[in-house]
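> Here you go, this is input-v6.pdb (PDB, C-alpha atoms).
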```pdb
MODEL        1
ATOM      1  CA  MET A   1      52.889  71.014 107.563
ATOM      2  CA  PRO A   2      54.151  71.573 104.022
ATOM      3  CA  ALA A   3      55.629  68.477 102.418
ATOM      4  CA  LYS A   4      59.398  68.207 102.159
ATOM      5  CA  ARG A   5      60.452  69.147  98.657
ATOM      6  CA  ARG A   6      63.265  70.573  96.619
ATOM      7  CA  LEU A   7      63.641  74.313  96.537
ATOM      8  CA  THR A   8      64.068  76.690  93.655
ATOM      9  CA  MET A   9      67.391  78.499  93.462
ATOM     10  CA  ARG A  10      65.644  81.722  94.469
ATOM     11  CA  GLN A  11      64.290  80.023  97.611
ATOM     12  CA  LEU A  12      67.730  78.617  98.411
ATOM     13  CA  ARG A  13      69.298  82.055  98.194
ATOM     14  CA  GLN A  14      66.555  83.560 100.351
ATOM     15  CA  MET A  15      66.970  80.731 102.865
ATOM     16  CA  LEU A  16      70.713  81.407 103.151
ATOM     17  CA  ARG A  17      70.109  85.148 103.478
ATOM     18  CA  LEU A  18      67.586  84.671 106.277
ATOM     19  CA  ALA A  19      69.797  82.169 108.074
ATOM     20  CA  GLY A  20      72.720  84.573 107.794
ATOM     21  CA  SER A  21      70.662  87.272 109.529
ATOM     22  CA  GLY A  22      69.919  84.954 112.460
ATOM     23  CA  THR A  23      66.427  83.831 111.464
ATOM     24  CA  SER A  24      65.528  80.435 112.929
ATOM     25  CA  SER A  25      64.775  77.362 110.820
ATOM     26  CA  ARG A  26      61.173  77.438 111.955
ATOM     27  CA  GLU A  27      60.732  81.081 110.914
ATOM     28  CA  ILE A  28      62.437  80.465 107.562
ATOM     29  CA  ALA A  29      60.066  77.553 106.929
ATOM     30  CA  VAL A  30      57.083  79.836 107.564
ATOM     31  CA  VAL A  31      58.429  82.606 105.322
ATOM     32  CA  LEU A  32      59.169  80.237 102.426
ATOM     33  CA  GLY A  33      56.101  78.065 102.973
ATOM     34  CA  ILE A  34      58.127  74.845 103.200
ATOM     35  CA  ALA A  35      58.807  72.124 105.752
ATOM     36  CA  ARG A  36      61.212  72.892 108.595
ATOM     37  CA  SER A  37      63.057  69.652 107.815
ATOM     38  CA  THR A  38      63.687  70.948 104.276
ATOM     39  CA  VAL A  39      65.245  74.103 105.688
ATOM     40  CA  GLN A  40      67.383  72.159 108.133
ATOM     41  CA  ASP A  41      68.537  69.724 105.459
ATOM     42  CA  ASN A  42      69.624  72.498 103.091
ATOM     43  CA  LEU A  43      71.289  74.548 105.833
ATOM     44  CA  GLN A  44      73.255  71.462 106.883
ATOM     45  CA  ARG A  45      74.409  71.027 103.284
ATOM     46  CA  ALA A  46      75.517  74.660 103.180
ATOM     47  CA  ALA A  47      77.328  74.402 106.532
ATOM     48  CA  ALA A  48      79.129  71.228 105.429
ATOM     49  CA  ILE A  49      80.794  73.070 102.552
ATOM     50  CA  GLY A  50      81.306  76.345 104.417
ATOM     51  CA  LEU A  51      78.695  78.221 102.372
ATOM     52  CA  ARG A  52      77.502  81.354 104.135
ATOM     53  CA  TRP A  53      75.661  84.565 103.350
ATOM     54  CA  PRO A  54      76.546  86.875 101.683
ATOM     55  CA  LEU A  55      77.408  84.664  98.711
ATOM     56  CA  LEU A  56      80.137  85.564  96.281
ATOM     57  CA  GLY A  57      78.773  87.851  93.561
ATOM     58  CA  GLU A  58      79.959  85.572  90.746
ATOM     59  CA  LEU A  59      78.306  82.450  92.210
ATOM     60  CA  THR A  60      75.752  81.538  89.554
ATOM     61  CA  ASP A  61      72.696  79.349  90.125
ATOM     62  CA  ASP A  62      74.456  76.451  88.398
ATOM     63  CA  ALA A  63      77.496  76.798  90.649
ATOM     64  CA  LEU A  64      75.367  77.096  93.778
ATOM     65  CA  GLU A  65      73.336  74.048  92.811
ATOM     66  CA  HIS A  66      76.484  72.028  92.167
ATOM     67  CA  LYS A  67      78.047  73.033  95.498
ATOM     68  CA  LEU A  68      74.961  72.065  97.485
ATOM     69  CA  PHE A  69      73.937  68.855  95.763
ATOM     70  CA  ALA A  70      76.965  67.328  94.031
ATOM     71  CA  ARG A  71      77.726  65.503  97.315
ATOM     72  CA  ASN A  72      74.298  63.850  97.280
ATOM     73  CA  GLY A  73      75.102  61.374  94.543
ATOM     74  CA  VAL A  74      73.971  63.738  91.794
ATOM     75  CA  LYS A  75      76.184  63.230  88.767
ATOM     76  CA  GLN A  76      78.205  66.342  87.943
ATOM     77  CA  GLY A  77      76.613  68.265  85.103
ATOM     78  CA  THR A  78      73.193  66.736  85.777
ATOM     79  CA  ARG A  79      70.527  69.165  86.927
ATOM     80  CA  ARG A  80      67.810  68.240  89.398
ATOM     81  CA  ARG A  81      64.857  69.407  87.322
ATOM     82  CA  THR A  82      63.524  68.102  84.047
ATOM     83  CA  GLU A  83      64.848  70.116  81.130
ATOM     84  CA  PRO A  84      63.243  70.611  77.716
ATOM     85  CA  ASN A  85      64.907  69.754  74.433
ATOM     86  CA  TRP A  86      66.888  72.984  74.045
ATOM     87  CA  ALA A  87      67.772  72.274  70.416
ATOM     88  CA  HIS A  88      64.086  71.887  69.569
ATOM     89  CA  LEU A  89      63.247  75.139  71.380
ATOM     90  CA  ALA A  90      65.967  76.969  69.452
ATOM     91  CA  VAL A  91      64.251  75.927  66.215
ATOM     92  CA  GLU A  92      60.782  76.846  67.530
ATOM     93  CA  LEU A  93      61.992  80.278  68.632
ATOM     94  CA  LYS A  94      62.775  81.174  65.033
ATOM     95  CA  LYS A  95      59.135  80.795  64.026
ATOM     96  CA  PRO A  96      56.984  83.949  63.697
ATOM     97  CA  GLY A  97      55.229  84.940  66.905
ATOM     98  CA  VAL A  98      57.125  82.483  69.127
ATOM     99  CA  THR A  99      58.787  83.907  72.251
ATOM    100  CA  LEU A 100      60.714  82.418  75.157
ATOM    101  CA  LEU A 101      57.755  83.199  77.411
ATOM    102  CA  ILE A 102      55.443  81.100  75.237
ATOM    103  CA  LEU A 103      57.962  78.243  75.165
ATOM    104  CA  TRP A 104      58.393  78.422  78.937
ATOM    105  CA  GLU A 105      54.628  78.346  79.521
ATOM    106  CA  GLU A 106      54.384  75.216  77.354
ATOM    107  CA  TYR A 107      57.300  73.684  79.266
ATOM    108  CA  ARG A 108      55.717  74.389  82.655
ATOM    109  CA  GLY A 109      52.426  73.024  81.383
ATOM    110  CA  SER A 110      54.151  69.671  80.888
ATOM    111  CA  HIS A 111      56.475  70.007  83.900
ATOM    112  CA  PRO A 112      54.764  71.989  86.712
ATOM    113  CA  ASP A 113      57.792  71.469  88.974
ATOM    114  CA  GLY A 114      60.218  72.657  86.301
ATOM    115  CA  TYR A 115      62.411  75.734  86.236
ATOM    116  CA  GLY A 116      61.063  79.245  86.768
ATOM    117  CA  TYR A 117      61.040  81.666  83.851
ATOM    118  CA  SER A 118      64.269  83.519  84.703
ATOM    119  CA  ARG A 119      66.212  80.286  85.224
ATOM    120  CA  PHE A 120      64.688  78.824  82.047
ATOM    121  CA  CYS A 121      65.930  81.827  80.051
ATOM    122  CA  GLU A 122      69.379  81.608  81.644
ATOM    123  CA  LEU A 123      69.712  77.930  80.715
ATOM    124  CA  PHE A 124      68.509  78.579  77.177
ATOM    125  CA  ARG A 125      71.025  81.402  76.674
ATOM    126  CA  SER A 126      73.724  79.115  78.020
ATOM    127  CA  PHE A 127      72.714  76.497  75.443
ATOM    128  CA  GLU A 128      72.809  79.127  72.685
ATOM    129  CA  GLN A 129      76.381  80.052  73.599
ATOM    130  CA  ARG A 130      77.443  76.463  72.969
ATOM    131  CA  LEU A 131      76.158  76.569  69.406
ATOM    132  CA  SER A 132      78.362  77.408  66.446
ATOM    133  CA  PRO A 133      79.199  81.131  66.598
ATOM    134  CA  THR A 134      77.837  83.459  63.949
ATOM    135  CA  MET A 135      80.394  85.513  62.073
ATOM    136  CA  ARG A 136      79.743  89.243  62.186
ATOM    137  CA  GLN A 137      79.271  90.719  58.715
ATOM    138  CA  GLU A 138      80.187  94.236  57.663
ATOM    139  CA  HIS A 139      78.231  95.915  54.835
ATOM    140  CA  ALA A 140      79.208  99.023  52.895
ATOM    141  CA  ALA A 141      76.588 101.769  52.812
ATOM    142  CA  GLY A 142      74.173 101.266  49.911
ATOM    143  CA  ASP A 143      75.744  97.934  48.990
ATOM    144  CA  LYS A 144      73.066  95.474  50.078
ATOM    145  CA  VAL A 145      69.417  95.337  50.993
ATOM    146  CA  PHE A 146      67.818  92.222  52.488
ATOM    147  CA  VAL A 147      64.202  91.535  51.546
ATOM    148  CA  ASP A 148      61.641  88.991  52.661
ATOM    149  CA  TYR A 149      58.102  88.579  53.906
ATOM    150  CA  SER A 150      57.715  88.608  57.678
ATOM    151  CA  GLY A 151      55.675  85.417  57.844
ATOM    152  CA  LYS A 152      52.915  87.221  59.714
ATOM    153  CA  LYS A 153      49.692  88.592  58.292
ATOM    154  CA  ILE A 154      47.696  91.652  59.236
ATOM    155  CA  PRO A 155      43.885  91.910  58.984
ATOM    156  CA  ILE A 156      42.625  94.777  56.832
ATOM    157  CA  ALA A 157      38.960  95.808  57.182
ATOM    158  CA  ASP A 158      37.049  97.447  54.357
ATOM    159  CA  ARG A 159      35.174 100.323  56.016
ATOM    160  CA  ASP A 160      32.389 100.224  53.440
ATOM    161  CA  THR A 161      31.609  96.497  53.396
ATOM    162  CA  GLY A 162      33.132  95.335  56.694
ATOM    163  CA  GLU A 163      34.966  92.597  54.825
ATOM    164  CA  ILE A 164      38.238  91.582  56.433
ATOM    165  CA  ARG A 165      41.146  90.394  54.321
ATOM    166  CA  GLU A 166      44.564  89.368  55.482
ATOM    167  CA  ALA A 167      47.553  91.092  53.932
ATOM    168  CA  GLU A 168      51.168  89.956  53.780
ATOM    169  CA  ILE A 169      53.937  92.106  55.255
ATOM    170  CA  PHE A 170      56.914  92.745  52.998
ATOM    171  CA  VAL A 171      60.086  93.893  54.785
ATOM    172  CA  ALA A 172      63.321  95.329  53.392
ATOM    173  CA  VAL A 173      66.377  96.126  55.535
ATOM    174  CA  LEU A 174      69.515  98.014  54.448
ATOM    175  CA  GLY A 175      72.630  96.044  55.383
ATOM    176  CA  ALA A 176      74.765  98.929  56.651
ATOM    177  CA  SER A 177      72.250 101.066  58.547
ATOM    178  CA  SER A 178      69.539  98.455  59.321
ATOM    179  CA  PHE A 179      67.044 101.050  58.079
ATOM    180  CA  THR A 180      63.809  99.132  57.616
ATOM    181  CA  TYR A 181      60.967  99.528  55.157
ATOM    182  CA  ALA A 182      57.712  97.580  55.423
ATOM    183  CA  GLU A 183      54.673  97.440  53.166
ATOM    184  CA  ALA A 184      51.486  95.394  53.083
ATOM    185  CA  THR A 185      50.521  93.486  49.949
ATOM    186  CA  TRP A 186      47.583  91.188  49.394
ATOM    187  CA  THR A 187      49.752  88.232  48.396
ATOM    188  CA  GLN A 188      53.382  87.323  47.842
ATOM    189  CA  THR A 189      52.833  86.819  44.130
ATOM    190  CA  LEU A 190      54.263  88.852  41.256
ATOM    191  CA  PRO A 191      50.985  90.645  40.327
ATOM    192  CA  ASP A 192      51.048  92.425  43.693
ATOM    193  CA  TRP A 193      54.355  94.008  42.754
ATOM    194  CA  LYS A 194      52.489  95.829  40.022
ATOM    195  CA  VAL A 195      50.057  98.610  40.858
ATOM    196  CA  PRO A 196      46.890  96.796  42.070
ATOM    197  CA  SER A 197      43.395  98.211  41.768
ATOM    198  CA  GLN A 198      43.317  98.858  45.502
ATOM    199  CA  THR A 199      46.218  98.302  47.888
ATOM    200  CA  PRO A 200      45.789  97.262  51.550
ATOM    201  CA  ALA A 201      46.828 100.749  52.611
ATOM    202  CA  GLU A 202      44.145 102.316  50.404
ATOM    203  CA  VAL A 203      41.517  99.976  51.832
ATOM    204  CA  ALA A 204      42.536 100.922  55.374
ATOM    205  CA  ARG A 205      42.349 104.656  54.546
ATOM    206  CA  ALA A 206      39.043 104.394  52.694
ATOM    207  CA  GLY A 207      36.089 106.177  54.171
TER     208      GLY A 207
ENDMDL
END
```
What do you get writing this file as structure tokens?

Amino acid sequence: MPAKRRLTMRQLRQMLRLAGSGTSSREIAVVLGIARSTVQDNLQRAAAIGLRWPLLGELTDDALEHKLFARNGVKQGTRRRTEPNWAHLAVELKKPGVTLLILWEEYRGSHPDGYGYSRFCELFRSFEQRLSPTMRQEHAAGDKVFVDYSGKKIPIADRDTGEIREAEIFVAVLGASSFTYAEATWTQTLPDWKVPSQTPAEVARAG
């Protein structure tokens, strides 16, 4: 028999849906792959607060979790699963090549019983909304262009020699239209702003 354990919010919703359609606790346990006692415990919690399927459309996972478990001595505002350092993740997400999926995979590697990907993203977005708001800026057409290097490099292969060199990616964005221009240069130094003997684009087209 599966060990008694806490359920994910998706499992809780599915449990309530099945119970609302008349499915027995034993059958729900089989469908969800959990202990029957876990099903019974959670259904008793739901019944005690008058929670039935279908749930209100605006009932978020946070609200559902609070309704079911706040009466079990869980301090209000405290979630049942281990959370990452959201502030640290917000900084990491700004680095080139870093995505929420990568951060979540690292999180689950350290906390196998942690939140699923969709819930992880929801909690992160909620954290972002609590940060200082960013003021929207308006730019007149042709007034400003923002330039920088992307922080990523692209490998360029010489078709004659097979040598592979990494080129920098320069990016320029017009403030008003967001029209973007990108170009590869060998380095970020001033000499590459002059006409080099052979640009990355010319190497790629050679042969």
> Report the residues retrieved by the PyMOL selection byres ((chain A and resi 10) around 12) from the displayed file, expressed as a CSV table (one decimal) with C-alpha atoms, in the coordinates of the input.

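The resulting file, expr_6.csv, is reproduced below:
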```
chain,number,residue,atom,x,y,z
A,6,ARG,CA,63.3,70.6,96.6
A,7,LEU,CA,63.6,74.3,96.5
A,8,THR,CA,64.1,76.7,93.7
A,9,MET,CA,67.4,78.5,93.5
A,11,GLN,CA,64.3,80.0,97.6
A,12,LEU,CA,67.7,78.6,98.4
A,13,ARG,CA,69.3,82.1,98.2
A,14,GLN,CA,66.6,83.6,100.4
A,15,MET,CA,67.0,80.7,102.9
A,16,LEU,CA,70.7,81.4,103.2
A,17,ARG,CA,70.1,85.1,103.5
A,32,LEU,CA,59.2,80.2,102.4
A,60,THR,CA,75.8,81.5,89.6
A,61,ASP,CA,72.7,79.3,90.1
A,62,ASP,CA,74.5,76.5,88.4
A,64,LEU,CA,75.4,77.1,93.8
A,65,GLU,CA,73.3,74.0,92.8
A,115,TYR,CA,62.4,75.7,86.2
A,116,GLY,CA,61.1,79.2,86.8
A,117,TYR,CA,61.0,81.7,83.9
A,118,SER,CA,64.3,83.5,84.7
A,119,ARG,CA,66.2,80.3,85.2
```
> Just to confirm, what's the straight-line distance from CA of Ile154 in chain A to CA of Ala184 in chain A in Å (one decimal)?
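Taking CA of Ile154 in chain A and CA of Ala184 in chain A, their separation equals 8.1 Å.
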> One decimal, in Å: what's the spacing between CA of Ala182 in chain A and CA of Glu92 in chain A?
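Computed distance, CA of Ala182 in chain A to CA of Glu92 in chain A, equals 24.2 Å.
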> What gap, in Å, lies between CA of Ile102 in chain A and CA of Pro84 in chain A?
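One can read the CA of Ile102 in chain A to CA of Pro84 in chain A distance as 13.3 Å.
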> Can you pull out the residues contacting Ala29 in chain A? Cut-off 10 Å, using all atoms listed in the file, and skip same-chain residues under 2 positions away; I want them as number ranges by chain.
A: 1-2, 15, 24-27, 31-40
> Could you tell me, as number ranges by chain, which residues have any atom at most 8 Å from (48.6, 87.5, 56.8), counting all atoms listed in the file?
A: 151-155, 166-169
> Would you translate the PyMOL selection byres ((chain A and resi 170-179) around 12) into the concrete set of residues it matches in this file, as a ChimeraX atom specification?
/A:136-154,167-169,180-189,192-193
> Looking at all atoms listed in the file, which of A:Arg125, A:Lys95, A:His88, A:Lys67 is the one that sits closest to Gly50 in chain A?
A:Lys67
> For Gln44 in chain A, which of A:Leu59, A:Thr23, A:Ile28, A:Leu68 is the closest residue, counting only C-alpha atoms?
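Among the listed residues, A:Leu68 lies closest to Gln44 in chain A.
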> For the structure provided, state which residues fall under the PyMOL selection byres ((chain A and resi 104) around 9), and present them as a PyMOL selection string.
chain A and resi 99-103+105-109+115-117+120-121
